[in-house]
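What follows is the content of data_27.tsv, which has TSV, C-alpha atoms:
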chain	number	residue	atom	x	y	z
M	1	MET	CA	-20.01	-0.63	13.75
M	2	ILE	CA	-21.57	-3.74	15.26
M	3	LYS	CA	-25.13	-4.28	14.14
M	4	GLU	CA	-27.03	-6.04	16.91
M	5	GLU	CA	-30.63	-7.25	16.98
M	6	ASP	CA	-32.46	-9.54	19.38
M	7	LYS	CA	-31.48	-12.68	17.47
M	8	TYR	CA	-28.14	-11.82	15.87
M	9	ARG	CA	-25.17	-9.46	15.64
M	10	VAL	CA	-23.08	-8.50	12.61
M	11	ILE	CA	-19.41	-7.84	13.39
M	12	PRO	CA	-17.31	-6.17	10.62
M	13	VAL	CA	-14.16	-8.18	11.43
M	14	PHE	CA	-11.88	-6.74	8.75
M	15	SER	CA	-13.15	-3.19	8.78
M	16	SER	CA	-10.80	-0.21	8.64
M	17	PRO	CA	-11.24	1.85	11.84
M	18	LEU	CA	-11.81	5.31	10.41
M	19	PHE	CA	-12.24	7.90	13.18
M	20	LYS	CA	-14.17	11.12	12.56
M	21	VAL	CA	-13.77	13.82	15.21
M	22	LYS	CA	-16.96	15.78	15.88
M	23	GLU	CA	-15.35	18.41	18.09
M	24	LYS	CA	-14.36	21.35	15.90
M	25	PHE	CA	-11.01	23.06	16.20
M	26	ASN	CA	-11.33	26.72	17.21
M	27	MET	CA	-9.88	28.26	14.07
M	28	THR	CA	-8.95	31.93	14.46
M	29	SER	CA	-9.11	34.31	11.52
M	30	SER	CA	-5.40	35.11	11.89
M	31	LEU	CA	-4.39	31.43	11.71
M	32	LYS	CA	-6.69	30.79	8.75
M	33	ASN	CA	-5.23	33.78	6.93
M	34	TYR	CA	-1.71	32.60	7.70
M	35	ILE	CA	-2.46	29.12	6.34
M	36	ASN	CA	-4.07	30.52	3.21
M	37	ASN	CA	-0.85	32.37	2.42
M	38	LEU	CA	1.64	29.56	2.92
M	39	PRO	CA	4.06	29.03	-0.01
M	40	MET	CA	2.72	26.29	-2.30
M	41	SER	CA	4.07	24.21	-5.20
M	42	GLU	CA	2.43	22.31	-8.04
M	43	ASN	CA	1.67	18.67	-7.24
M	44	ASP	CA	-0.11	15.90	-9.16
M	45	ASN	CA	-3.25	17.79	-10.21
M	46	ASN	CA	-3.34	20.04	-7.13
M	47	LEU	CA	-1.09	22.18	-4.92
M	48	ILE	CA	1.07	21.09	-1.98
M	49	SER	CA	2.86	23.21	0.62
M	50	GLN	CA	6.59	23.71	0.26
M	51	ASN	CA	6.97	22.96	3.97
M	52	LYS	CA	6.31	19.23	4.49
M	53	HIS	CA	6.72	19.48	8.29
M	54	LEU	CA	4.18	22.18	9.10
M	55	LEU	CA	2.93	20.77	12.40
M	56	THR	CA	6.40	20.13	13.82
M	57	THR	CA	8.41	23.14	12.60
M	58	ASP	CA	5.96	26.05	12.28
M	59	GLN	CA	5.26	27.79	15.59
M	60	ASN	CA	2.05	29.27	14.21
M	61	MET	CA	0.62	25.76	13.90
M	62	ILE	CA	1.01	24.84	17.59
M	63	PRO	CA	-2.71	25.25	18.49
M	64	LEU	CA	-3.75	23.02	15.59
M	65	ARG	CA	-0.97	20.56	16.39
M	66	ASN	CA	-2.18	20.30	20.01
M	67	TYR	CA	-5.73	19.60	18.83
M	68	ILE	CA	-4.53	16.89	16.43
M	69	VAL	CA	-2.16	15.23	18.92
M	70	ASN	CA	-4.88	15.12	21.56
M	71	TRP	CA	-7.24	13.21	19.22
M	72	LEU	CA	-4.43	11.06	17.83
M	73	ASN	CA	-3.68	9.89	21.37
M	74	TYR	CA	-7.36	9.23	22.06
M	75	TYR	CA	-7.76	7.24	18.84
M	76	THR	CA	-4.67	5.08	19.33
M	77	LYS	CA	-4.88	4.57	23.10
M	78	THR	CA	-8.62	4.58	23.85
M	79	VAL	CA	-10.27	3.45	20.61
M	80	LEU	CA	-7.58	1.06	19.32
M	81	SER	CA	-6.22	0.23	22.82
M	82	ILE	CA	-2.58	0.28	21.69
M	83	LYS	CA	-0.16	0.26	24.63
M	84	ASN	CA	3.58	0.61	25.29
M	85	VAL	CA	4.21	2.99	22.38
M	86	GLU	CA	3.85	6.70	21.69
M	87	PHE	CA	2.59	7.93	18.35
M	88	TYR	CA	4.26	11.03	16.94
M	89	ILE	CA	3.78	13.11	13.80
M	90	THR	CA	6.44	12.62	11.12
M	91	GLN	CA	5.50	14.74	8.08
M	92	SER	CA	2.60	17.15	7.64
M	93	TRP	CA	1.64	19.27	4.65
M	94	LEU	CA	-1.09	21.47	3.20
M	95	ASN	CA	-3.12	20.48	0.12
M	96	VAL	CA	-5.07	22.90	-2.07
M	97	THR	CA	-7.42	21.45	-4.69
M	98	ARG	CA	-8.68	24.10	-7.06
M	99	GLN	CA	-11.77	23.99	-9.25
M	100	THR	CA	-11.73	20.97	-11.68
M	101	GLU	CA	-8.81	19.42	-9.77
M	102	SER	CA	-8.79	16.18	-7.76
M	103	HIS	CA	-6.32	13.89	-6.04
M	104	HIS	CA	-5.62	10.33	-7.22
M	105	PRO	CA	-6.25	7.19	-5.10
M	106	HIS	CA	-3.31	6.59	-2.80
M	107	GLU	CA	-2.08	5.25	0.54
M	108	HIS	CA	0.54	6.66	2.91
M	109	PRO	CA	3.66	4.43	3.08
M	110	ASN	CA	6.11	4.57	6.01
M	111	SER	CA	3.31	5.65	8.33
M	112	ILE	CA	0.97	3.87	10.74
M	113	VAL	CA	-1.91	6.28	11.32
M	114	SER	CA	-2.60	9.17	8.95
M	115	GLY	CA	-4.97	12.08	9.25
M	116	VAL	CA	-6.68	14.81	7.27
M	117	PHE	CA	-7.91	18.12	8.67
M	118	HIS	CA	-10.41	20.01	6.50
M	119	PHE	CA	-10.80	23.79	6.42
M	120	GLU	CA	-14.06	24.23	4.45
M	121	ASP	CA	-17.59	22.81	4.44
M	122	LYS	CA	-19.16	20.76	1.67
M	123	LEU	CA	-16.47	20.74	-0.98
M	124	SER	CA	-15.38	17.64	-2.91
M	125	ASP	CA	-15.65	14.46	-0.84
M	126	ILE	CA	-12.80	12.38	0.45
M	127	GLU	CA	-13.46	8.78	-0.59
M	128	PHE	CA	-12.03	5.68	1.12
M	129	SER	CA	-11.97	2.41	-0.81
M	130	THR	CA	-10.72	-1.16	-0.85
M	131	ASP	CA	-9.50	-3.43	-3.63
M	132	LYS	CA	-10.67	-6.49	-1.70
M	133	PRO	CA	-14.48	-6.84	-1.71
M	134	ASN	CA	-16.02	-9.38	0.65
M	135	PHE	CA	-17.20	-11.63	-2.21
M	136	ASN	CA	-15.73	-12.95	-5.46
M	137	LEU	CA	-19.03	-12.47	-7.30
M	138	GLN	CA	-20.44	-9.22	-8.65
M	139	PHE	CA	-23.64	-9.06	-6.59
M	140	GLN	CA	-26.31	-6.39	-6.93
M	141	PHE	CA	-27.29	-5.02	-3.51
M	142	GLU	CA	-30.66	-3.71	-2.39
M	143	ASN	CA	-28.96	-1.21	-0.06
M	144	TYR	CA	-25.37	0.01	-0.12
M	145	ASN	CA	-23.85	-0.11	3.39
M	146	LEU	CA	-20.64	-0.65	5.36
M	147	TYR	CA	-20.94	-4.43	5.07
M	148	ASN	CA	-21.22	-4.74	1.29
M	149	GLY	CA	-19.61	-1.53	-0.04
M	150	THR	CA	-16.11	-1.16	-1.44
M	151	SER	CA	-15.96	2.63	-1.05
M	152	TRP	CA	-17.27	5.24	1.36
M	153	SER	CA	-17.28	9.01	0.95
M	154	PHE	CA	-17.22	11.82	3.51
M	155	GLU	CA	-18.26	15.38	2.80
M	156	THR	CA	-15.78	17.94	4.05
M	157	GLU	CA	-16.67	19.66	7.31
M	158	SER	CA	-14.72	22.73	8.33
M	159	ASN	CA	-12.20	22.50	11.19
M	160	THR	CA	-12.67	18.77	11.78
M	161	LEU	CA	-10.32	15.82	11.68
M	162	LEU	CA	-10.32	12.32	10.14
M	163	LEU	CA	-7.89	9.65	11.38
M	164	PHE	CA	-7.34	6.28	9.68
M	165	PRO	CA	-4.79	3.47	9.20
M	166	SER	CA	-2.23	4.73	6.69
M	167	ASN	CA	-2.71	1.73	4.37
M	168	THR	CA	-6.36	2.70	3.75
M	169	LYS	CA	-6.70	3.78	0.12
M	170	HIS	CA	-8.35	7.17	-0.36
M	171	ARG	CA	-8.75	9.97	-2.90
M	172	VAL	CA	-10.25	13.43	-3.28
M	173	LYS	CA	-13.03	13.72	-5.81
M	174	VAL	CA	-13.13	16.49	-8.42
M	175	ASN	CA	-13.71	19.93	-6.95
M	176	ASN	CA	-16.67	21.28	-8.95
M	177	LYS	CA	-16.98	24.55	-7.04
M	178	ASN	CA	-15.26	27.86	-7.58
M	179	THR	CA	-13.71	27.63	-4.12
M	180	ASN	CA	-10.34	26.16	-3.21
M	181	ARG	CA	-10.54	22.97	-1.18
M	182	THR	CA	-7.88	23.17	1.56
M	183	SER	CA	-6.78	20.33	3.81
M	184	LEU	CA	-3.84	19.45	6.01
M	185	SER	CA	-2.53	15.87	5.88
M	186	PHE	CA	-0.06	14.17	8.19
M	187	ASN	CA	1.64	10.85	8.89
M	188	THR	CA	2.75	9.22	12.12
M	189	TYR	CA	5.10	6.60	13.49
M	190	VAL	CA	5.77	5.14	16.93
M	191	LYS	CA	8.48	4.87	19.55
M	192	GLY	CA	8.44	2.42	22.44
M	193	LYS	CA	8.07	-1.32	22.93
M	194	LEU	CA	6.56	-3.69	20.38
M	195	GLY	CA	6.04	-7.43	20.75
M	196	SER	CA	7.28	-9.38	23.76
M	197	GLU	CA	10.23	-11.36	25.09
M	198	GLU	CA	8.03	-14.45	25.38
M	199	GLY	CA	6.85	-14.20	21.77
M	200	ALA	CA	10.42	-13.80	20.47
M	201	ASP	CA	9.33	-10.67	18.58
M	202	LEU	CA	10.46	-7.97	21.01
M	203	LEU	CA	11.44	-4.68	19.40
M	204	TYR	CA	12.25	-1.27	20.89
M	205	LEU	CA	11.85	1.79	18.68
M	206	THR	CA	13.34	5.09	19.79

Same coordinates, now as structure tokens:
Amino acid sequence: MIKEEDKYRVIPVFSSPLFKVKEKFNMTSSLKNYINNLPMSENDNNLISQNKHLLTTDQNMIPLRNYIVNWLNYYTKTVLSIKNVEFYITQSWLNVTRQTESHHPHEHPNSIVSGVFHFEDKLSDIEFSTDKPNFNLQFQFENYNLYNGTSWSFETESNTLLLFPSNTKHRVKVNNKNTNRTSLSFNTYVKGKLGSEEGADLLYLT
């Protein structure tokens, strides 16, 4: 977000480009029921699906996969203007956070862009944070905003998608409602051409 007035502009040079899709996925009742009955296992303070490749191996997930891939391509090619490579989904899994549960702060290693798809409205927030504040001093701020904050939370919105660089730290806050919080997470990698012959850093990934 560039803040621009008549006499100045503020450019968040080192911001993390988090992308929130406003277009909702058309979730059918049959697909939602199928997802709600997927086999799950205990994880660190929540549940995780036994299948860690849902979007690439489960034929029932094709409509949701198509929606996600479409926005992944838009984010990487149009918003970030990355060329000469194709992003593809590596692993994808379901998360269920029950009442009083949460999910610890973490990043997604061995991935470039990660995403989270939420299934319900207004359950525990997903919070993004950084360990590197802009200043070395502990200032008190009049207003908390994108330029001075070290964390930012998003309320869940059903059938919508968040995309972000995989090294962006994030967590799920405690679910205080008597409703399971369900989300689908995924990682990506690339194939194609990186660098250049002239820069002596040419690399082809297949």

Worksheet entry | Counting all atoms listed in the file, the residue of M:Asn167, M:Thr90, M:Ser49, M:Asn159 that sits nearest Pro109 (chain M) |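 Smallest distance to Pro109 (chain M) is found for M:Asn167.
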
Worksheet entry | From M:Met61, M:Leu137, M:Val113, M:Ala200, residue lying nearest Leu184 (chain M) [only C-alpha atoms] |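 So, comparing all the options, the nearest one is M:Met61.
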
Discussion item. What does the structure give for the distance between CA of Asn178 (chain M) and CA of Thr100 (chain M), in Å to one decimal?
Written reply: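 About the pair CA of Asn178 (chain M) and CA of Thr100 (chain M): they are 8.8 Å apart.
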
Worksheet item: Distance CA of Val116 (chain M)-CA of Arg65 (chain M), one decimal place?
Response: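 So the answer is 12.2 Å.
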
Worksheet item: What residues have an atom no more than 6 Å from (-12.5, 7.2, 1.8) in the file's own frame, counting all atoms listed in the file, and can you write them as a ChimeraX atom specification?
Response: /M:126-129,152-153,170

Quick one: write out the picked residues with C-alpha atoms as a CSV table (one decimal), keeping the file's coordinate frame?
chain,number,residue,atom,x,y,z
M,126,ILE,CA,-12.8,12.4,0.4
M,127,GLU,CA,-13.5,8.8,-0.6
M,128,PHE,CA,-12.0,5.7,1.1
M,129,SER,CA,-12.0,2.4,-0.8
M,152,TRP,CA,-17.3,5.2,1.4
M,153,SER,CA,-17.3,9.0,1.0
M,170,HIS,CA,-8.4,7.2,-0.4

Worksheet item: For Ile2 (chain M), which of M:Tyr189, M:Ile68, M:Leu146, M:Lys52 is the closest residue, counting all atoms listed in the file?
Response: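 Between M:Tyr189, M:Ile68, M:Leu146, M:Lys52, the residue approaching Ile2 (chain M) most closely is M:Leu146.
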
Using all atoms listed in the file, list the residues that have an atom at most 7 Å from (2.2, 13.5, 9.0), coordinates as in the file, as a JSON list (two decimals) with C-alpha atoms, in the coordinates of the input.
[["chain", "number", "residue", "atom", "x", "y", "z"],
["M", 89, "ILE", "CA", 3.78, 13.11, 13.80],
["M", 90, "THR", "CA", 6.44, 12.62, 11.12],
["M", 91, "GLN", "CA", 5.50, 14.74, 8.08],
["M", 92, "SER", "CA", 2.60, 17.15, 7.64],
["M", 114, "SER", "CA", -2.60, 9.17, 8.95],
["M", 185, "SER", "CA", -2.53, 15.87, 5.88],
["M", 186, "PHE", "CA", -0.06, 14.17, 8.19],
["M", 187, "ASN", "CA", 1.64, 10.85, 8.89],
["M", 188, "THR", "CA", 2.75, 9.22, 12.12]]

Worksheet entry | Distance of CA of Ser124 (chain M) from CA of Val174 (chain M), expressed in Å to one decimal place |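 If I compute the distance from CA of Val174 (chain M) to CA of Ser124 (chain M), I get 6.1 Å.
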
Worksheet entry | Best match for closeness to Met40 (chain M) among M:Phe135, M:Trp93, M:Phe141, M:Phe154, counting all atoms listed in the file |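 Smallest distance to Met40 (chain M) is found for M:Trp93.
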